[in-house]
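See structure below.
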Amino acid sequence: LLMVSMLVGGYLAAMHAPTPHNMPIAVSGNAQQASAFADSFEAADTDAVDVRVVGSDAEARQLVLDREVAGAVALADGAATLYTAGAAGASQSGAVTALVAPQVLAEGLALQSEDLAPLPDNDSAGLGAMFMTTALMLAGYMPLSLILSNSPELMRFRRFVPLLAGWSALIAALVWTVVGPVMGVVEGHTAAVLGICALSVFAVGSVQLFLTRIFGPMAVLVGMLFLMVLGVPASNMSMSVHTMPGLYSWLHSFLPAAATGESLRSVLFFDGNGVGGHLLVLAIGAAASL
């Protein structure tokens with residue numbers, strides 16, 4: 001009853017009515033023109049966007065590639081170029097375009113669009129990293145309830161940690177085999193994908209061990225709450241966290257689903273740009289839990 005209620009209620013609460021909230025947008029161009037555009041853009045809907053003026057077109061593009069902004073507008077010669085990154089989330093690119101296009105046209109500018117990081121043909125919907133993340137979360141927290149019920153002697157710290165390390169390596173190899181050689185969703189990046197997958201399962205399993213010490217068999221519900229019910233929407237993988245209630249942007253900064261998904265996305269689509277911070281979240285979570 002609790003599992004069904006949490007999953008249905010939690011997912012719907014987060015994603016049933018996506019509305020932009022403080023969507024970060026960068027604006028570049030002539031200082032006066034860019035400032036005026038930013039002011040009118042924010043005035044049109046103060047809650048929807050968080051506009052920042054930057055000094056150059058190159059800086060605006062880099063902010064998009066660093067995923068520090070959801071999109072950028074470069075103003076020049078009666079035209080506006082909208083920069084997005086499809087690999088950072090197809091739904092986010094659509095939301096940015098829906099926000100920017102009316103404002104650009106209202107200013108009498110010609111709109112051009114450029115995707116700085118398009119999704120590859122072998123994963124044109126960007127679902128690979130999302131479903132890999134979901135599988136890794138399940139592999140990290142579900143086995144604890146089975147071990148607690150059937151083999152509680154394995155829950156001793158000195159037995160469990162090496163067992164979890166081996167399980168993490170096994171799951172990483174399985175996930176990579178399915179998405180790589182079998183289905184061809186992921187091409188290359190073998191070592192990085194294996195490492196991220198293993199670290200993710202180990203970190204989640206460590207957190208779940210900590211929760212099991214406190215809540216016993218009911219820890220599976222607590223794990224589901226933070227890893228799936230809150231974690232999947234906050235992961236930024238299926239829908240942009242900037243279109244959900246503000247709570248999810250905060251959860252995105254430390255929940256393991258977000259760290260795992262963004263790490264995989266960084267490696268697969270952005271040449272590892274930004275992966276370090278997300279891996280640090282997983283490492284700190286594992287160390288603190290143990």
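Here's how to read the names in the structure tokens: chain A, B, ... by the order shown, residue numbers from 1 in each chain, ligand numbers from 1 in the order shown.
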Pull the closest atom pair for each residue of region 205-289 of chain A that gets at most 12 Å from region 181-186 of chain A, along with the distance in Å to one decimal, counting only C-alpha atoms, ordering rows by chain and then ascending residue number, as JSON lines.
{"residue": "A:Leu264", "atom": "CA", "partner": "A:Val186", "partner_atom": "CA", "distance": 10.3}
{"residue": "A:Arg265", "atom": "CA", "partner": "A:Val186", "partner_atom": "CA", "distance": 10.9}
{"residue": "A:Val267", "atom": "CA", "partner": "A:Val186", "partner_atom": "CA", "distance": 10.6}
{"residue": "A:Leu268", "atom": "CA", "partner": "A:Val186", "partner_atom": "CA", "distance": 7.6}
{"residue": "A:Phe269", "atom": "CA", "partner": "A:Val186", "partner_atom": "CA", "distance": 10.3}
Just the selected residues (all heavy atoms), exported as a PDB file, in the first residue's frame, please.
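Writing done, so here's part28.pdb:
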ATOM      1  N   LEU A 264      26.754   9.703 -15.836  1.00  0.00           N
ATOM      2  CA  LEU A 264      26.674   8.974 -17.101  1.00  0.00           C
ATOM      3  C   LEU A 264      26.483   9.935 -18.267  1.00  0.00           C
ATOM      4  O   LEU A 264      27.114   9.795 -19.319  1.00  0.00           O
ATOM      5  CB  LEU A 264      25.520   7.963 -17.044  1.00  0.00           C
ATOM      6  CG  LEU A 264      25.726   6.769 -16.106  1.00  0.00           C
ATOM      7  CD1 LEU A 264      24.434   5.999 -15.933  1.00  0.00           C
ATOM      8  CD2 LEU A 264      26.831   5.857 -16.637  1.00  0.00           C
ATOM      9  N   ARG A 265      25.624  10.917 -18.093  1.00  0.00           N
ATOM     10  CA  ARG A 265      25.376  11.905 -19.147  1.00  0.00           C
ATOM     11  C   ARG A 265      26.654  12.680 -19.473  1.00  0.00           C
ATOM     12  O   ARG A 265      26.958  12.943 -20.637  1.00  0.00           O
ATOM     13  CB  ARG A 265      24.259  12.841 -18.692  1.00  0.00           C
ATOM     14  CG  ARG A 265      23.901  13.935 -19.665  1.00  0.00           C
ATOM     15  CD  ARG A 265      22.782  14.785 -19.068  1.00  0.00           C
ATOM     16  NE  ARG A 265      21.484  14.213 -19.319  1.00  0.00           N
ATOM     17  CZ  ARG A 265      20.352  14.608 -18.720  1.00  0.00           C
ATOM     18  NH1 ARG A 265      20.414  15.553 -17.781  1.00  0.00           N
ATOM     19  NH2 ARG A 265      19.194  14.070 -19.035  1.00  0.00           N
ATOM     20  N   VAL A 267      29.769  11.729 -19.162  1.00  0.00           N
ATOM     21  CA  VAL A 267      30.739  10.883 -19.862  1.00  0.00           C
ATOM     22  C   VAL A 267      30.275  10.573 -21.283  1.00  0.00           C
ATOM     23  O   VAL A 267      31.061  10.634 -22.234  1.00  0.00           O
ATOM     24  CB  VAL A 267      30.968   9.586 -19.060  1.00  0.00           C
ATOM     25  CG1 VAL A 267      31.692   8.551 -19.901  1.00  0.00           C
ATOM     26  CG2 VAL A 267      31.762   9.886 -17.799  1.00  0.00           C
ATOM     27  N   LEU A 268      29.002  10.251 -21.439  1.00  0.00           N
ATOM     28  CA  LEU A 268      28.506   9.795 -22.739  1.00  0.00           C
ATOM     29  C   LEU A 268      28.382  10.925 -23.754  1.00  0.00           C
ATOM     30  O   LEU A 268      28.603  10.714 -24.952  1.00  0.00           O
ATOM     31  CB  LEU A 268      27.140   9.113 -22.560  1.00  0.00           C
ATOM     32  CG  LEU A 268      27.130   7.820 -21.738  1.00  0.00           C
ATOM     33  CD1 LEU A 268      25.706   7.311 -21.580  1.00  0.00           C
ATOM     34  CD2 LEU A 268      28.009   6.758 -22.388  1.00  0.00           C
ATOM     35  N   PHE A 269      28.017  12.123 -23.291  1.00  0.00           N
ATOM     36  CA  PHE A 269      27.666  13.191 -24.229  1.00  0.00           C
ATOM     37  C   PHE A 269      28.517  14.456 -24.123  1.00  0.00           C
ATOM     38  O   PHE A 269      28.488  15.284 -25.025  1.00  0.00           O
ATOM     39  CB  PHE A 269      26.196  13.580 -24.035  1.00  0.00           C
ATOM     40  CG  PHE A 269      25.234  12.422 -24.107  1.00  0.00           C
ATOM     41  CD1 PHE A 269      24.284  12.241 -23.122  1.00  0.00           C
ATOM     42  CD2 PHE A 269      25.298  11.517 -25.150  1.00  0.00           C
ATOM     43  CE1 PHE A 269      23.385  11.179 -23.183  1.00  0.00           C
ATOM     44  CE2 PHE A 269      24.412  10.442 -25.218  1.00  0.00           C
ATOM     45  CZ  PHE A 269      23.450  10.271 -24.228  1.00  0.00           C
TER      46      PHE A 269
END
Backbone DSSP call of strand (DSSP E or B) for region 42-230 of chain A, listed as number ranges by chain: A: 49-53, 71-76, 79-84, 110-115
For the residues in the current selection, export all heavy atoms as a compact mmCIF listing (two decimals), in the first residue's frame.
# COMPACT_ATOMS: atom_id res chain seq x y z
N VAL A 49 11.84 32.27 -15.28
CA VAL A 49 13.24 32.29 -15.73
C VAL A 49 14.13 33.00 -14.73
O VAL A 49 13.68 33.86 -13.96
CB VAL A 49 13.38 32.96 -17.11
CG1 VAL A 49 12.70 32.12 -18.18
CG2 VAL A 49 12.81 34.37 -17.10
N ASP A 50 15.40 32.62 -14.78
CA ASP A 50 16.45 33.30 -14.02
C ASP A 50 17.51 33.69 -15.05
O ASP A 50 18.35 32.88 -15.43
CB ASP A 50 17.02 32.37 -12.96
CG ASP A 50 18.17 33.00 -12.17
OD1 ASP A 50 18.33 34.23 -12.26
OD2 ASP A 50 18.89 32.26 -11.49
N VAL A 51 17.45 34.93 -15.52
CA VAL A 51 18.27 35.37 -16.65
C VAL A 51 19.55 36.01 -16.13
O VAL A 51 19.52 36.83 -15.21
CB VAL A 51 17.50 36.37 -17.54
CG1 VAL A 51 18.35 36.75 -18.76
CG2 VAL A 51 16.17 35.78 -17.98
N ARG A 52 20.67 35.63 -16.75
CA ARG A 52 21.95 36.26 -16.43
C ARG A 52 22.58 36.78 -17.73
O ARG A 52 22.53 36.11 -18.77
CB ARG A 52 22.88 35.26 -15.74
CG ARG A 52 23.34 34.11 -16.61
CD ARG A 52 24.25 33.14 -15.86
NE ARG A 52 23.49 32.30 -14.93
CZ ARG A 52 24.03 31.30 -14.25
NH1 ARG A 52 25.32 31.02 -14.37
NH2 ARG A 52 23.29 30.57 -13.45
N VAL A 53 23.14 37.95 -17.67
CA VAL A 53 23.81 38.56 -18.82
C VAL A 53 25.29 38.21 -18.74
O VAL A 53 25.93 38.39 -17.69
CB VAL A 53 23.61 40.08 -18.84
CG1 VAL A 53 24.39 40.71 -20.00
CG2 VAL A 53 22.13 40.42 -18.94
N GLY A 71 19.84 27.10 -21.28
CA GLY A 71 19.93 27.61 -22.65
C GLY A 71 20.55 28.99 -22.63
O GLY A 71 20.71 29.60 -21.58
N ALA A 72 20.89 29.46 -23.81
CA ALA A 72 21.50 30.79 -23.92
C ALA A 72 21.00 31.47 -25.19
O ALA A 72 20.72 30.81 -26.19
CB ALA A 72 23.02 30.69 -23.94
N VAL A 73 20.90 32.80 -25.12
CA VAL A 73 20.47 33.60 -26.27
C VAL A 73 21.59 34.57 -26.61
O VAL A 73 22.02 35.35 -25.76
CB VAL A 73 19.18 34.37 -25.95
CG1 VAL A 73 18.71 35.14 -27.18
CG2 VAL A 73 18.08 33.43 -25.47
N ALA A 74 22.06 34.50 -27.84
CA ALA A 74 23.10 35.41 -28.33
C ALA A 74 22.45 36.42 -29.27
O ALA A 74 21.89 36.03 -30.30
CB ALA A 74 24.20 34.65 -29.04
N LEU A 75 22.52 37.70 -28.92
CA LEU A 75 21.89 38.76 -29.71
C LEU A 75 22.93 39.42 -30.60
O LEU A 75 24.02 39.78 -30.14
CB LEU A 75 21.27 39.81 -28.78
CG LEU A 75 20.28 39.28 -27.72
CD1 LEU A 75 19.89 40.40 -26.78
CD2 LEU A 75 19.06 38.68 -28.38
N ALA A 76 22.58 39.58 -31.89
CA ALA A 76 23.51 40.24 -32.82
C ALA A 76 22.79 40.56 -34.12
O ALA A 76 22.11 39.69 -34.70
CB ALA A 76 24.71 39.34 -33.10
N ALA A 79 19.14 39.67 -34.96
CA ALA A 79 18.82 38.24 -34.85
C ALA A 79 19.19 37.75 -33.46
O ALA A 79 19.98 38.36 -32.74
CB ALA A 79 19.57 37.44 -35.92
N ALA A 80 18.61 36.65 -33.10
CA ALA A 80 18.91 36.00 -31.82
C ALA A 80 19.14 34.52 -32.07
O ALA A 80 18.32 33.86 -32.71
CB ALA A 80 17.76 36.20 -30.84
N THR A 81 20.27 34.03 -31.59
CA THR A 81 20.59 32.61 -31.72
C THR A 81 20.37 31.93 -30.38
O THR A 81 20.94 32.35 -29.37
CB THR A 81 22.04 32.40 -32.17
OG1 THR A 81 22.25 33.08 -33.42
CG2 THR A 81 22.34 30.92 -32.36
N LEU A 82 19.53 30.92 -30.38
CA LEU A 82 19.23 30.18 -29.16
C LEU A 82 20.12 28.94 -29.11
O LEU A 82 20.08 28.10 -30.00
CB LEU A 82 17.76 29.77 -29.13
CG LEU A 82 17.33 28.80 -28.02
CD1 LEU A 82 17.57 29.41 -26.64
CD2 LEU A 82 15.88 28.38 -28.20
N TYR A 83 20.91 28.83 -28.06
CA TYR A 83 21.78 27.68 -27.85
C TYR A 83 21.15 26.75 -26.81
O TYR A 83 20.78 27.19 -25.72
CB TYR A 83 23.17 28.11 -27.36
CG TYR A 83 23.94 28.96 -28.33
CD1 TYR A 83 24.37 30.23 -27.97
CD2 TYR A 83 24.24 28.51 -29.60
CE1 TYR A 83 25.08 31.03 -28.85
CE2 TYR A 83 24.96 29.29 -30.49
CZ TYR A 83 25.37 30.56 -30.11
OH TYR A 83 26.07 31.34 -30.98
N THR A 84 21.04 25.49 -27.16
CA THR A 84 20.57 24.48 -26.22
C THR A 84 21.50 23.28 -26.31
O THR A 84 22.39 23.23 -27.16
CB THR A 84 19.13 24.03 -26.53
OG1 THR A 84 19.07 23.54 -27.88
CG2 THR A 84 18.15 25.19 -26.36
N ALA A 110 14.94 37.96 -35.51
CA ALA A 110 14.87 36.68 -36.21
C ALA A 110 15.50 35.60 -35.34
O ALA A 110 16.59 35.79 -34.81
CB ALA A 110 15.60 36.77 -37.55
N LEU A 111 14.81 34.50 -35.18
CA LEU A 111 15.26 33.45 -34.28
C LEU A 111 15.97 32.33 -35.04
O LEU A 111 15.44 31.80 -36.01
CB LEU A 111 14.08 32.86 -33.50
CG LEU A 111 14.39 31.71 -32.54
CD1 LEU A 111 15.34 32.17 -31.44
CD2 LEU A 111 13.11 31.14 -31.94
N GLN A 112 17.15 31.99 -34.57
CA GLN A 112 17.89 30.84 -35.06
C GLN A 112 18.19 29.93 -33.87
O GLN A 112 18.33 30.41 -32.74
CB GLN A 112 19.20 31.26 -35.73
CG GLN A 112 19.02 32.25 -36.87
CD GLN A 112 20.35 32.78 -37.38
OE1 GLN A 112 21.41 32.31 -36.99
NE2 GLN A 112 20.29 33.78 -38.24
N SER A 113 18.28 28.64 -34.12
CA SER A 113 18.53 27.68 -33.04
C SER A 113 19.74 26.83 -33.37
O SER A 113 19.96 26.47 -34.53
CB SER A 113 17.31 26.78 -32.81
OG SER A 113 16.19 27.54 -32.42
N GLU A 114 20.50 26.49 -32.34
CA GLU A 114 21.67 25.62 -32.51
C GLU A 114 21.77 24.70 -31.30
O GLU A 114 21.79 25.15 -30.15
CB GLU A 114 22.94 26.44 -32.65
CG GLU A 114 24.18 25.58 -32.86
CD GLU A 114 25.45 26.40 -33.05
OE1 GLU A 114 25.34 27.63 -33.25
OE2 GLU A 114 26.55 25.82 -32.98
N ASP A 115 21.81 23.41 -31.58
CA ASP A 115 21.98 22.39 -30.54
C ASP A 115 23.48 22.13 -30.39
O ASP A 115 24.11 21.56 -31.29
CB ASP A 115 21.24 21.12 -30.93
CG ASP A 115 21.17 20.11 -29.78
OD1 ASP A 115 21.97 20.23 -28.83
OD2 ASP A 115 20.33 19.20 -29.84
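Distances here use only C-alpha atoms; by that measure, the residue among A:Met23, A:Ala129, A:Leu221, A:Leu65 closest to Trp176 (chain A) is A:Ala129.
Proximity ranking of A:Thr177, A:Ser289, A:Ser5, A:Ser91 relative to Pro18 (chain A) places A:Ser91 first, based on only C-alpha atoms.
Across the structure, CA of Tyr248 (chain A) and CA of Ser124 (chain A) are spaced 25.5 Å apart.
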Which residue of A:Val96, A:Leu209, A:Ala169, A:Ala234 approaches Arg156 (chain A) most closely, using only C-alpha atoms: A:Leu209
Residue set, region 32-229 of chain A restricted to alpha helix (DSSP H), as a PyMOL selection string: chain A and resi 32-44+57-65+90-106+128-150+157-177+190-215+219-224
Written selection (C-alpha atoms) as an mmCIF file, in the first residue's frame:
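File part04.cif, as written:
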data_model
loop_
_atom_site.group_PDB
_atom_site.id
_atom_site.type_symbol
_atom_site.label_atom_id
_atom_site.label_comp_id
_atom_site.auth_asym_id
_atom_site.auth_seq_id
_atom_site.Cartn_x
_atom_site.Cartn_y
_atom_site.Cartn_z
ATOM 1 C CA GLN A 32 22.794 47.587 -23.449
ATOM 2 C CA GLN A 33 20.723 45.382 -25.751
ATOM 3 C CA ALA A 34 21.419 42.239 -23.722
ATOM 4 C CA SER A 35 20.495 43.970 -20.459
ATOM 5 C CA ALA A 36 17.253 45.333 -21.928
ATOM 6 C CA PHE A 37 16.347 41.917 -23.350
ATOM 7 C CA ALA A 38 17.065 40.233 -20.012
ATOM 8 C CA ASP A 39 14.945 42.741 -18.104
ATOM 9 C CA SER A 40 11.959 42.376 -20.431
ATOM 10 C CA PHE A 41 12.352 38.584 -20.448
ATOM 11 C CA GLU A 42 12.224 38.372 -16.662
ATOM 12 C CA ALA A 43 9.429 40.929 -16.438
ATOM 13 C CA ALA A 44 7.265 38.776 -18.712
ATOM 14 C CA ASP A 57 28.872 34.517 -27.165
ATOM 15 C CA ALA A 58 31.633 32.031 -26.303
ATOM 16 C CA GLU A 59 30.895 32.339 -22.593
ATOM 17 C CA ALA A 60 27.194 31.756 -23.213
ATOM 18 C CA ARG A 61 27.934 28.632 -25.250
ATOM 19 C CA GLN A 62 30.269 27.296 -22.572
ATOM 20 C CA LEU A 63 27.676 27.782 -19.842
ATOM 21 C CA VAL A 64 25.285 25.618 -21.859
ATOM 22 C CA LEU A 65 27.917 22.922 -22.337
ATOM 23 C CA ALA A 90 15.255 16.716 -24.642
ATOM 24 C CA SER A 91 12.399 18.003 -22.491
ATOM 25 C CA GLN A 92 14.592 20.807 -21.176
ATOM 26 C CA SER A 93 15.498 21.951 -24.688
ATOM 27 C CA GLY A 94 11.824 22.055 -25.567
ATOM 28 C CA ALA A 95 10.969 24.030 -22.445
ATOM 29 C CA VAL A 96 13.732 26.561 -23.149
ATOM 30 C CA THR A 97 12.573 27.027 -26.734
ATOM 31 C CA ALA A 98 8.985 27.537 -25.600
ATOM 32 C CA LEU A 99 10.138 30.257 -23.207
ATOM 33 C CA VAL A 100 12.599 32.050 -25.463
ATOM 34 C CA ALA A 101 10.842 32.003 -28.851
ATOM 35 C CA PRO A 102 7.882 34.267 -27.929
ATOM 36 C CA GLN A 103 10.190 36.789 -26.266
ATOM 37 C CA VAL A 104 12.552 36.904 -29.252
ATOM 38 C CA LEU A 105 9.695 37.370 -31.689
ATOM 39 C CA ALA A 106 8.152 40.052 -29.479
ATOM 40 C CA GLY A 128 19.950 5.144 -22.134
ATOM 41 C CA ALA A 129 21.399 6.987 -19.149
ATOM 42 C CA MET A 130 17.946 7.320 -17.547
ATOM 43 C CA PHE A 131 17.137 3.600 -17.578
ATOM 44 C CA MET A 132 20.686 2.672 -16.602
ATOM 45 C CA THR A 133 20.277 4.934 -13.573
ATOM 46 C CA THR A 134 16.952 3.336 -12.628
ATOM 47 C CA ALA A 135 18.443 -0.160 -12.850
ATOM 48 C CA LEU A 136 21.456 0.820 -10.743
ATOM 49 C CA MET A 137 19.269 2.320 -8.016
ATOM 50 C CA LEU A 138 17.219 -0.881 -7.824
ATOM 51 C CA ALA A 139 20.348 -3.043 -7.746
ATOM 52 C CA GLY A 140 21.718 -0.963 -4.886
ATOM 53 C CA TYR A 141 18.818 -1.005 -2.460
ATOM 54 C CA MET A 142 16.559 -3.997 -3.180
ATOM 55 C CA PRO A 143 18.981 -6.841 -2.242
ATOM 56 C CA LEU A 144 19.290 -5.547 1.321
ATOM 57 C CA SER A 145 15.743 -6.578 2.196
ATOM 58 C CA LEU A 146 16.355 -10.074 0.789
ATOM 59 C CA ILE A 147 19.615 -10.482 2.692
ATOM 60 C CA LEU A 148 17.996 -9.260 5.904
ATOM 61 C CA SER A 149 15.179 -11.786 5.549
ATOM 62 C CA ASN A 150 17.076 -14.813 4.248
ATOM 63 C CA PHE A 157 29.999 -5.179 8.309
ATOM 64 C CA ARG A 158 33.133 -7.176 7.484
ATOM 65 C CA ARG A 159 31.144 -9.638 5.400
ATOM 66 C CA PHE A 160 28.799 -7.191 3.761
ATOM 67 C CA VAL A 161 31.288 -4.622 2.423
ATOM 68 C CA PRO A 162 33.317 -7.072 0.259
ATOM 69 C CA LEU A 163 30.067 -8.754 -0.791
ATOM 70 C CA LEU A 164 28.654 -5.380 -1.859
ATOM 71 C CA ALA A 165 31.856 -4.586 -3.760
ATOM 72 C CA GLY A 166 31.585 -7.839 -5.714
ATOM 73 C CA TRP A 167 27.868 -7.295 -6.347
ATOM 74 C CA SER A 168 28.589 -3.765 -7.598
ATOM 75 C CA ALA A 169 31.176 -5.050 -10.062
ATOM 76 C CA LEU A 170 28.795 -7.775 -11.281
ATOM 77 C CA ILE A 171 25.912 -5.349 -11.826
ATOM 78 C CA ALA A 172 28.198 -2.847 -13.573
ATOM 79 C CA ALA A 173 29.343 -5.551 -15.984
ATOM 80 C CA LEU A 174 25.761 -6.701 -16.589
ATOM 81 C CA VAL A 175 24.417 -3.198 -17.257
ATOM 82 C CA TRP A 176 27.307 -2.344 -19.577
ATOM 83 C CA THR A 177 26.864 -5.614 -21.477
ATOM 84 C CA THR A 190 33.707 1.317 -21.400
ATOM 85 C CA ALA A 191 35.969 1.974 -18.421
ATOM 86 C CA ALA A 192 34.121 5.133 -17.390
ATOM 87 C CA VAL A 193 30.674 3.521 -17.621
ATOM 88 C CA LEU A 194 31.808 0.448 -15.674
ATOM 89 C CA GLY A 195 33.360 2.647 -12.976
ATOM 90 C CA ILE A 196 30.316 4.893 -12.601
ATOM 91 C CA CYS A 197 27.943 1.929 -12.473
ATOM 92 C CA ALA A 198 30.012 0.097 -9.847
ATOM 93 C CA LEU A 199 30.429 3.205 -7.690
ATOM 94 C CA SER A 200 26.698 3.966 -7.912
ATOM 95 C CA VAL A 201 25.605 0.506 -6.776
ATOM 96 C CA PHE A 202 28.203 0.500 -3.999
ATOM 97 C CA ALA A 203 27.148 3.956 -2.774
ATOM 98 C CA VAL A 204 23.436 3.124 -2.806
ATOM 99 C CA GLY A 205 24.058 -0.221 -1.109
ATOM 100 C CA SER A 206 26.100 1.517 1.586
ATOM 101 C CA VAL A 207 23.338 4.033 2.243
ATOM 102 C CA GLN A 208 20.782 1.238 2.350
ATOM 103 C CA LEU A 209 22.908 -0.707 4.838
ATOM 104 C CA PHE A 210 22.907 2.351 7.080
ATOM 105 C CA LEU A 211 19.120 2.675 6.762
ATOM 106 C CA THR A 212 18.637 -1.037 7.439
ATOM 107 C CA ARG A 213 20.595 -0.727 10.688
ATOM 108 C CA ILE A 214 18.024 1.876 11.802
ATOM 109 C CA PHE A 215 14.717 0.751 10.293
ATOM 110 C CA ALA A 219 14.224 0.350 5.311
ATOM 111 C CA VAL A 220 13.099 -0.751 1.847
ATOM 112 C CA LEU A 221 10.343 1.877 2.057
ATOM 113 C CA VAL A 222 12.734 4.581 3.172
ATOM 114 C CA GLY A 223 15.130 3.645 0.394
ATOM 115 C CA MET A 224 12.336 3.702 -2.166
#
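Closest approach to Gly277 (chain A) from the set A:Ser263, A:Leu116, A:Ala13, A:Asp77 is made by A:Ser263, with distances taken over only C-alpha atoms.
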CA of Ala258 (chain A) to CA of Leu1 (chain A), distance in Å rounded to a single decimal: 26.3 Å
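Using only C-alpha atoms, the nearest neighbour of Leu251 (chain A) within the list A:Ala117, A:Leu230, A:Val69, A:Val281 is A:Leu230.
Between CA of Ala257 (chain A) and CA of Met239 (chain A) the interatomic distance comes to 13.4 Å.
For the choices A:Ala88, A:Ile284, A:Val229, A:Val275, the atom-to-atom distance to Leu12 (chain A) is smallest for A:Val229 when using only C-alpha atoms.
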